[in-house]
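Participant: Sharing a structure with you now.
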Amino acid sequence: AVVRPAKTDRPRGLAIYLASIMLISREEKAFMRRLQQRGWNVVAITPSIDLFAKDRWEETWDVSQLSQRASMMANEIDNGLAETAYATEAVLAYLQEKDPACVRGPRVVVGASAGTLATPALISRLGGIDAAVYIGGGAHIPEIVLESAIKIYRPRIKGASDSRKHSRSRLKQLALQRSQLDPLKIGPSLPPVPSLLLAAEFDRIVPAHTGKLLYDALGRPERWRYPLGHIALFLCL
């Protein structure tokens, strides 16, 4: 975690920033500085990156393992989201003990890209969140990891009697069914928190259609759409 104090005499509250897989990029650091300048104490949490590990990009397995692999994917998704939620909870507990002024006041969660995926689980875990901002995010994580332009996961499925496309579709369907913390599952049950979505209409990294799924899962909150791709969205923050 990274903790940065507000650059004002009277902080407005705490911004919990869930970072992208770039692990707090230059653009994200600039965004965090702007939050500080506007009076927010900032706690930045980096995501679990197991789902994005390069050694998983082109795994090969037999179609007979599809159900097993779907369960593994669902477990990895849930473990990664829970890890972010528990890590944030632990950091806030530590700050409450060591520097209670840092966590005083309204609390806002800002999720960026991969961080957005964990935002609903975090809000559900923590409670007491006053607002949320979702930047370049989506729901249906199996769809995201299998269809992202950065090729997060492209398994080679051997022995499929049907098309590769159908096997991947079935993998996504089963993994989503078995996940308990995917934003599609968590979103509709969240407490009514004022939320804002920043969406890139030409996003291919977190595919734009999964952003629409997130929007629907959250009850269609305020949404600002930009005619940009994923990276350009963050360059414009």
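Labels for the structure tokens follow display order: chains A, B, ..., residues from 1 in each chain, ligands from 1.
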Find the residues around Trp224 in chain A up to 9 Å (only C-alpha atoms counted), leave out those fewer than 6 positions away in its own chain, and share them as a list in words.

Facilitator: Leu196, Leu197, Leu198, Ala199 and Ala200 of chain A

Participant: Restricted to N, CA, C and O atoms, what would the selected residues look like written as a PDB file, in the first residue's frame?

Facilitator:
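Saved result, out37.pdb, follows:
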```
ATOM      1  N   LEU A 196     -20.067   6.940  -9.761  1.00  0.00           N
ATOM      2  CA  LEU A 196     -19.789   7.535 -11.065  1.00  0.00           C
ATOM      3  C   LEU A 196     -18.921   6.571 -11.854  1.00  0.00           C
ATOM      4  O   LEU A 196     -17.922   6.062 -11.347  1.00  0.00           O
ATOM      5  N   LEU A 197     -19.307   6.322 -13.098  1.00  0.00           N
ATOM      6  CA  LEU A 197     -18.511   5.485 -13.996  1.00  0.00           C
ATOM      7  C   LEU A 197     -17.890   6.363 -15.078  1.00  0.00           C
ATOM      8  O   LEU A 197     -18.584   7.178 -15.696  1.00  0.00           O
ATOM      9  N   LEU A 198     -16.584   6.183 -15.316  1.00  0.00           N
ATOM     10  CA  LEU A 198     -15.904   6.796 -16.449  1.00  0.00           C
ATOM     11  C   LEU A 198     -15.590   5.685 -17.434  1.00  0.00           C
ATOM     12  O   LEU A 198     -14.818   4.765 -17.112  1.00  0.00           O
ATOM     13  N   ALA A 199     -16.200   5.736 -18.611  1.00  0.00           N
ATOM     14  CA  ALA A 199     -16.117   4.620 -19.551  1.00  0.00           C
ATOM     15  C   ALA A 199     -15.511   5.055 -20.877  1.00  0.00           C
ATOM     16  O   ALA A 199     -15.838   6.126 -21.406  1.00  0.00           O
ATOM     17  N   ALA A 200     -14.630   4.224 -21.421  1.00  0.00           N
ATOM     18  CA  ALA A 200     -14.044   4.444 -22.741  1.00  0.00           C
ATOM     19  C   ALA A 200     -14.844   3.647 -23.768  1.00  0.00           C
ATOM     20  O   ALA A 200     -14.910   2.418 -23.690  1.00  0.00           O
TER      21      ALA A 200
END
```

Participant: Give me, as a VMD selection string, all polymer residues having an atom no more than 10 Å from Asn79 in chain A, counting only C-alpha atoms and skipping those fewer than 2 positions away in the same chain.

Facilitator: chain A and resid 48 50 to 51 73 to 77 81 to 85 179 181

Participant: Residues of the last selection are to be written out with N, CA and C atoms, as a compact mmCIF listing (two decimals), in the first residue's frame.

Facilitator:
```txt
# COMPACT_ATOMS: atom_id res chain seq x y z
N SER A 48 -4.07 -7.82 -6.84
CA SER A 48 -3.52 -9.16 -7.00
C SER A 48 -3.31 -9.38 -8.49
N ASP A 50 -2.20 -12.40 -9.94
CA ASP A 50 -2.12 -13.80 -10.32
C ASP A 50 -2.86 -14.09 -11.62
N LEU A 51 -4.03 -13.47 -11.79
CA LEU A 51 -4.81 -13.71 -13.00
C LEU A 51 -4.11 -13.21 -14.25
N MET A 73 -10.71 -21.13 -12.42
CA MET A 73 -10.78 -19.72 -12.79
C MET A 73 -11.65 -18.94 -11.82
N ALA A 74 -12.81 -19.49 -11.47
CA ALA A 74 -13.71 -18.82 -10.52
C ALA A 74 -13.02 -18.63 -9.17
N ASN A 75 -12.30 -19.66 -8.72
CA ASN A 75 -11.60 -19.55 -7.44
C ASN A 75 -10.50 -18.49 -7.49
N GLU A 76 -9.76 -18.45 -8.60
CA GLU A 76 -8.70 -17.45 -8.73
C GLU A 76 -9.28 -16.04 -8.75
N ILE A 77 -10.38 -15.87 -9.45
CA ILE A 77 -11.03 -14.56 -9.49
C ILE A 77 -11.46 -14.14 -8.09
N LEU A 81 -9.97 -10.96 -5.81
CA LEU A 81 -10.82 -9.86 -5.35
C LEU A 81 -10.85 -9.79 -3.83
N ALA A 82 -10.93 -10.97 -3.19
CA ALA A 82 -10.94 -11.00 -1.72
C ALA A 82 -9.60 -10.51 -1.17
N GLU A 83 -8.51 -10.85 -1.83
CA GLU A 83 -7.19 -10.40 -1.38
C GLU A 83 -7.13 -8.88 -1.33
N THR A 84 -7.64 -8.23 -2.37
CA THR A 84 -7.65 -6.76 -2.39
C THR A 84 -8.51 -6.21 -1.26
N ALA A 85 -9.67 -6.80 -1.05
CA ALA A 85 -10.57 -6.32 0.00
C ALA A 85 -9.95 -6.49 1.38
N SER A 179 -18.27 -18.17 -9.70
CA SER A 179 -17.69 -17.06 -8.96
C SER A 179 -18.74 -16.46 -8.04
N LEU A 181 -17.79 -13.47 -6.24
CA LEU A 181 -17.42 -12.08 -6.02
C LEU A 181 -17.29 -11.26 -7.30
```

Participant: From the set A:Gly219, A:Pro142, A:Gly105, A:Pro191, which residue has the shortest atom-to-atom contact distance to Leu174 in chain A, counting only C-alpha atoms?

Facilitator: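 Answer, going by the shortest atom-to-atom distance: A:Pro142.
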
Participant: Just want the 10 Å neighbourhood of Val91 in chain A, counted on only C-alpha atoms, with same-chain residues fewer than 3 positions away dropped. Output as a ChimeraX atom specification.

Facilitator: /A:1-3,43-45,86-88,94-96

Participant: Quick one: residues within 7 Å of Ile144 in chain A, only C-alpha atoms, excluding same-chain residues fewer than 4 positions away - as a PyMOL selection string?

Facilitator: chain A and resi 140+148+206-207
